[in-house]
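Asks: One structure follows; several queries about it will come next.
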Number of protein chains: 2
Amino acid sequence: MTEVVAGIRDEIVGKLEQAMAERGLDVLVATSPENVAWASGAAPPSQKTVRSRLAAAIVPREGESELVAIALEGPVVRTQSRLDSIRLYEEFVEDPVLVFADSLRQRGLEEGVVGVEETHLSQADYGKLAAALPGARLVRADELLAELRMVKTPSEIEAIREIGGAAERIAGEVCERFGAGSTEREIANFVAERYTEAGGDGLTMLVVGSGPRSAVVNAPPSGRVLEQRDVLRLDIIGTKGRYHSDVARTAVAGEPTGEQRRVYDLLHGVHRRCLAALRPGALGSDVYGIYRRAMDDAGLPPYHFVGHGLGITLHEDPFVNALSAIPLEEGMVLCVEPLTLLEGRFGMQIEDEVLITADGYEPFTEAGGLMRMGR
Amino acid sequence: MTEVVAGIRDEIVGKLEQAMAERGLDVLVATSPENVAWASGAAPPSQKTVRSRLAAAIVPREGESELVAIALEGPVVRTQSRLDSIRLYEEFVEDPVLVFADSLRQRGLEEGVVGVEETHLSQADYGKLAAALPGARLVRADELLAELRMVKTPSEIEAIREIGGAAERIAGEVCERFGAGSTEREIANFVAERYTEAGGDGLTMLVVGSGPRSAVVNAPPSGRVLEQRDVLRLDIIGTKGRYHSDVARTAVAGEPTGEQRRVYDLLHGVHRRCLAALRPGALGSDVYGIYRRAMDDAGLPPYHFVGHGLGITLHEDPFVNALSAIPLEEGMVLCVEPLTLLEGRFGMQIEDEVLITADGYEPFTEAGGLMRMGR
């Protein structure tokens, strides 16, 4: 186990043990892909696509932790899991929920207070787990887990900083290498290759939208050929060691128009004002207000959020939207991403990753002026 | 709406209405990505990745159907949905489950018998829906939906046949164009491009495993360069109009070794014997037995299934494994895919798609002998 991985394990298991002691939980059974990954380090590849292939990170307040996963993905999770043991189940032969129950019995926790994820575990599986452990008390742990994941540990911060910085460098390389005449798909292939070279697990979503497609939400790359004065909106979303990068840049092929400059400069000013408002105690809703008012004043279409927490998941608490009531805390990692989409014409977005510090924020990435593509 | 789309809609809604009448259901609230796609034609892009972004296909036994989806994906689902209306909710502002309840109330079904997916709807959301509709009776519809989806309608059969045939052609083109010296990633880019040209929505999983990587389960493409006598295992999994293709081929760069020929020919013989056993009334477990005995006799590592239903999801009932107890029926579409993975050396797989007919099967794709790559 590398130093970073051991650091993350000790920090996260420590946080979990302390939280369970405070809340009177005996054991946590995390089943959502994000909390399995956070608590164990492992991401069984098919848990998201085949719903019956459940996995669980079982972390008792005292004693040995265990990852439960599907046998055919044993070779993958063995290289990833930080927990004390791994238990594999045979698809179709064993019911994963009954294997979770058995793992708890082996730990003497069949009558314990068991934290489960009620917003992840299906109605059917919840009923099965409760029936298999009639002496246990199942309690909802969803909010506890979200809260624990919000403030990152030192090793998590390093992991996010590293892949975020790589995404920013790759965006810069795209502008140097590509321009009018390139296709969105060529750009996408280049980003994918560089991201892998940077040690990334892979891209989970890549937005490469050029010309009018830059105004399409979450536009995947197409075969479209860039023309002079096209806007390119690039959003590099992927993971390394299960932690996300999410960095967006806006560029123009060749010489920008006056309107393109004006919209970008306005967005860039909003971006800096949003960042300047970040500090412990600030509310996401206040930061969103800065963005929203500026867009309304300029008559530009706003988006329904201007930022979000970043970590094991792409979008997590604290959100930066009109309703955010969670005060920022030191150690949170946020994306701040003013965006405006002028349908049928062009869309622009400036997205940076930052760490909330004791007296403000520290940028992991830092956008400058409107980028020019050229080759 | 095109003819095929209208055909699928009428066929599926007709099946649903009849099944609800038979089972005493007043309305179906399908929430899993697969059943939303099947009943409505729509696949809101982020429902699989952001769990809180629920969608529902609401289909009453009588009266107008409705798709509920997140507002920011309105432009996407409008081009896809076949239901009578679309209702969009604002993320963070509205709770999708309460919007489902409201849609039922507007249909006068708040005291009805409501079919829900207990293996998809979370414990928390199920509780919320039950509380919002205190006069309704929620009943489990999971098995009913799986059963209805197993036997495909004529328009569904055409949709699957078409994209399956395209996947097979693309695999043939890969063998003609690539060979020793090519990289897995070059092959992957070519497949992705051709798949889009064939009208595909995109690849959902692409296996491009060469040399020892051909023996890795679900190997994504890497930068590995193919060498002479490398095995290439290619599995082209994607969708067109939400229906899957899943076709795998095995090839060798240059002249195969004697061992490679022997393993392939054995697998190909098993494949033909499995196919010959397909007919209405046959059990998947018997077909799996043919494969399993042959692998055991030859001392080759078997896989835990040798086929599966194919449709809106990649793996669906009826499975072809040791436990399959569902008799085959006319109109089912299956993949049959004998596979053997010789760890650290090479893996081979032959996967074809077939339709179960009144007296046997009809192939959508048809593998021949060991393919040779060469350029």
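Each chain of the structure tokens is named A, B, ... in the order shown, its residues numbered from 1; ligands are numbered from 1 in display order.
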As JSON, numbers by chain, please: all residues of region 152-275 of chain B that backbone DSSP puts in strand (DSSP E or B).
Replies: {"B": [183, 202, 203, 204, 205, 206, 207, 208, 209, 210, 225, 231, 232, 233, 234, 235, 236, 237, 238, 239, 240, 243, 244, 245, 246, 247, 248, 249, 250, 251, 252, 253]}
Asks: How about saving the chosen residues, N, CA and C atoms kept, as a tab-separated table (two decimals), in the first residue's frame?
Replies:
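Contents of part_34.tsv, as written:
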chain	number	residue	atom	x	y	z
B	183	THR	N	-2.63	-0.12	-32.13
B	183	THR	CA	-2.87	-0.10	-30.69
B	183	THR	C	-4.34	-0.40	-30.42
B	202	GLY	N	-24.22	5.42	-28.81
B	202	GLY	CA	-22.86	5.41	-28.27
B	202	GLY	C	-22.54	4.03	-27.73
B	203	LEU	N	-21.25	3.81	-27.47
B	203	LEU	CA	-20.82	2.54	-26.86
B	203	LEU	C	-21.00	2.66	-25.36
B	204	THR	N	-21.58	1.66	-24.72
B	204	THR	CA	-21.69	1.70	-23.27
B	204	THR	C	-20.54	0.94	-22.63
B	205	MET	N	-20.01	-0.04	-23.34
B	205	MET	CA	-18.80	-0.72	-22.88
B	205	MET	C	-18.16	-1.31	-24.12
B	206	LEU	N	-16.86	-1.14	-24.24
B	206	LEU	CA	-16.16	-1.70	-25.38
B	206	LEU	C	-14.97	-2.47	-24.83
B	207	VAL	N	-14.92	-3.74	-25.16
B	207	VAL	CA	-13.77	-4.55	-24.77
B	207	VAL	C	-12.84	-4.65	-25.97
B	208	VAL	N	-11.60	-4.19	-25.79
B	208	VAL	CA	-10.56	-4.38	-26.80
B	208	VAL	C	-9.35	-4.91	-26.04
B	209	GLY	N	-9.25	-6.22	-25.97
B	209	GLY	CA	-8.16	-6.82	-25.20
B	209	GLY	C	-7.25	-7.59	-26.14
B	210	SER	N	-5.96	-7.25	-26.14
B	210	SER	CA	-5.03	-7.93	-27.04
B	210	SER	C	-3.96	-8.65	-26.23
B	225	VAL	N	0.33	-2.04	-27.91
B	225	VAL	CA	0.56	-2.27	-29.34
B	225	VAL	C	0.44	-3.76	-29.63
B	231	VAL	N	-3.70	-12.63	-29.72
B	231	VAL	CA	-5.15	-12.76	-29.81
B	231	VAL	C	-5.77	-11.39	-29.55
B	232	LEU	N	-6.81	-11.05	-30.30
B	232	LEU	CA	-7.60	-9.85	-30.01
B	232	LEU	C	-9.02	-10.30	-29.66
B	233	ARG	N	-9.48	-9.88	-28.50
B	233	ARG	CA	-10.88	-10.14	-28.14
B	233	ARG	C	-11.60	-8.81	-28.15
B	234	LEU	N	-12.66	-8.73	-28.95
B	234	LEU	CA	-13.39	-7.49	-29.19
B	234	LEU	C	-14.84	-7.75	-28.84
B	235	ASP	N	-15.40	-6.92	-27.96
B	235	ASP	CA	-16.82	-7.09	-27.58
B	235	ASP	C	-17.47	-5.72	-27.71
B	236	ILE	N	-18.38	-5.60	-28.66
B	236	ILE	CA	-18.94	-4.29	-29.03
B	236	ILE	C	-20.31	-4.13	-28.40
B	237	ILE	N	-20.34	-3.36	-27.32
B	237	ILE	CA	-21.54	-3.18	-26.52
B	237	ILE	C	-21.94	-1.71	-26.56
B	238	GLY	N	-23.11	-1.45	-27.06
B	238	GLY	CA	-23.60	-0.08	-27.12
B	238	GLY	C	-25.09	-0.12	-27.37
B	239	THR	N	-25.67	1.06	-27.63
B	239	THR	CA	-27.10	1.09	-27.90
B	239	THR	C	-27.41	1.97	-29.10
B	240	LYS	N	-28.55	1.66	-29.72
B	240	LYS	CA	-29.14	2.54	-30.73
B	240	LYS	C	-30.61	2.67	-30.37
B	243	TYR	N	-31.76	0.43	-27.53
B	243	TYR	CA	-31.64	-1.04	-27.60
B	243	TYR	C	-30.18	-1.44	-27.82
B	244	HIS	N	-29.79	-2.51	-27.14
B	244	HIS	CA	-28.37	-2.89	-27.10
B	244	HIS	C	-27.90	-3.74	-28.28
B	245	SER	N	-26.63	-3.56	-28.58
B	245	SER	CA	-25.89	-4.57	-29.34
B	245	SER	C	-24.90	-5.20	-28.37
B	246	ASP	N	-24.57	-6.46	-28.59
B	246	ASP	CA	-23.57	-7.15	-27.78
B	246	ASP	C	-23.03	-8.31	-28.62
B	247	VAL	N	-21.98	-8.01	-29.35
B	247	VAL	CA	-21.40	-8.97	-30.29
B	247	VAL	C	-19.90	-9.05	-30.02
B	248	ALA	N	-19.39	-10.26	-29.81
B	248	ALA	CA	-17.95	-10.41	-29.54
B	248	ALA	C	-17.32	-11.31	-30.60
B	249	ARG	N	-16.10	-10.94	-30.97
B	249	ARG	CA	-15.33	-11.72	-31.93
B	249	ARG	C	-13.91	-11.89	-31.42
B	250	THR	N	-13.30	-12.98	-31.85
B	250	THR	CA	-11.91	-13.26	-31.50
B	250	THR	C	-11.10	-13.36	-32.79
B	251	ALA	N	-9.97	-12.70	-32.81
B	251	ALA	CA	-9.12	-12.72	-34.01
B	251	ALA	C	-7.67	-12.89	-33.59
B	252	VAL	N	-6.83	-13.21	-34.55
B	252	VAL	CA	-5.39	-13.31	-34.29
B	252	VAL	C	-4.67	-12.43	-35.29
B	253	ALA	N	-3.63	-11.72	-34.80
B	253	ALA	CA	-2.81	-10.89	-35.69
B	253	ALA	C	-1.83	-11.82	-36.41
Asks: May I have the residues of chain B within 7 Å of chain A, counting only C-alpha atoms, written as a compact mmCIF listing (two decimals) with N, CA and C atoms, in the first residue's frame?
Replies:
# COMPACT_ATOMS: atom_id res chain seq x y z
N GLU B 118 -39.80 -2.15 -6.54
CA GLU B 118 -39.22 -2.25 -5.18
C GLU B 118 -37.73 -2.54 -5.20
N THR B 119 -37.24 -3.13 -6.28
CA THR B 119 -35.78 -3.36 -6.33
C THR B 119 -35.04 -2.14 -6.89
N HIS B 120 -35.77 -1.13 -7.29
CA HIS B 120 -35.09 0.10 -7.70
C HIS B 120 -35.34 1.26 -6.75
N LEU B 121 -36.60 1.50 -6.41
CA LEU B 121 -36.94 2.65 -5.57
C LEU B 121 -36.26 2.46 -4.21
N SER B 122 -35.57 3.49 -3.73
CA SER B 122 -34.86 3.33 -2.45
C SER B 122 -35.86 3.26 -1.31
N GLN B 123 -35.37 2.71 -0.21
CA GLN B 123 -36.17 2.64 1.02
C GLN B 123 -36.74 4.02 1.36
N ALA B 124 -35.90 5.07 1.23
CA ALA B 124 -36.33 6.43 1.59
C ALA B 124 -37.42 6.92 0.61
N ASP B 125 -37.22 6.71 -0.68
CA ASP B 125 -38.19 7.22 -1.67
C ASP B 125 -39.50 6.44 -1.63
N TYR B 126 -39.40 5.15 -1.38
CA TYR B 126 -40.61 4.34 -1.25
C TYR B 126 -41.46 4.87 -0.09
Asks: I'd like the contact shell of Gly181 (chain A) - 9 Å cut-off, only C-alpha atoms, skipping same-chain residues fewer than 2 positions apart - returned as a PyMOL selection string.
Replies: chain A and resi 178-179+183+225-228
Asks: Take the residues that were just selected and, keeping N, CA, C and O atoms, output them as a PDB file, in the first residue's frame.
Replies:
ATOM      1  N   PHE A 178      -4.683  22.286 -30.996  1.00  0.00           N
ATOM      2  CA  PHE A 178      -5.843  22.183 -31.883  1.00  0.00           C
ATOM      3  C   PHE A 178      -6.375  23.561 -32.220  1.00  0.00           C
ATOM      4  O   PHE A 178      -6.035  24.548 -31.565  1.00  0.00           O
ATOM      5  N   GLY A 179      -7.204  23.609 -33.265  1.00  0.00           N
ATOM      6  CA  GLY A 179      -7.793  24.877 -33.674  1.00  0.00           C
ATOM      7  C   GLY A 179      -8.771  24.642 -34.802  1.00  0.00           C
ATOM      8  O   GLY A 179      -9.272  23.518 -34.959  1.00  0.00           O
ATOM      9  N   THR A 183     -11.384  18.272 -35.217  1.00  0.00           N
ATOM     10  CA  THR A 183     -12.729  17.817 -34.845  1.00  0.00           C
ATOM     11  C   THR A 183     -12.806  17.674 -33.329  1.00  0.00           C
ATOM     12  O   THR A 183     -11.793  17.484 -32.648  1.00  0.00           O
ATOM     13  N   VAL A 225     -16.351  19.630 -37.132  1.00  0.00           N
ATOM     14  CA  VAL A 225     -15.071  20.283 -37.425  1.00  0.00           C
ATOM     15  C   VAL A 225     -15.125  21.734 -36.944  1.00  0.00           C
ATOM     16  O   VAL A 225     -16.076  22.459 -37.249  1.00  0.00           O
ATOM     17  N   LEU A 226     -14.104  22.142 -36.188  1.00  0.00           N
ATOM     18  CA  LEU A 226     -14.078  23.527 -35.688  1.00  0.00           C
ATOM     19  C   LEU A 226     -13.817  24.510 -36.813  1.00  0.00           C
ATOM     20  O   LEU A 226     -12.960  24.271 -37.672  1.00  0.00           O
ATOM     21  N   GLU A 227     -14.536  25.628 -36.751  1.00  0.00           N
ATOM     22  CA  GLU A 227     -14.324  26.702 -37.715  1.00  0.00           C
ATOM     23  C   GLU A 227     -13.688  27.898 -37.012  1.00  0.00           C
ATOM     24  O   GLU A 227     -13.729  28.000 -35.789  1.00  0.00           O
ATOM     25  N   GLN A 228     -13.128  28.816 -37.809  1.00  0.00           N
ATOM     26  CA  GLN A 228     -12.581  30.054 -37.247  1.00  0.00           C
ATOM     27  C   GLN A 228     -13.659  30.762 -36.435  1.00  0.00           C
ATOM     28  O   GLN A 228     -14.804  30.830 -36.847  1.00  0.00           O
TER      29      GLN A 228
END
Asks: My list of candidates is B:Ala69, B:Ala166, B:Val116, B:Ala294. Which is closest to Val29 (chain B) when distances are computed with only C-alpha atoms?
Replies: B:Val116
Asks: Running DSSP on the backbone, which parts of region 51-286 of chain B land in alpha helix (DSSP H), as number ranges by chain?
Replies: B: 74-78, 96-106, 123-132, 142-150, 154-177, 184-197, 258-276, 284-286
Asks: Out of A:Ala71, A:Glu259, A:Val333, A:Arg177, which residue has the shortest atom-to-atom distance to Glu94 (chain A) when counting only C-alpha atoms?
Replies: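 That would be A:Ala71, the residue with the smallest distance to Glu94 (chain A).
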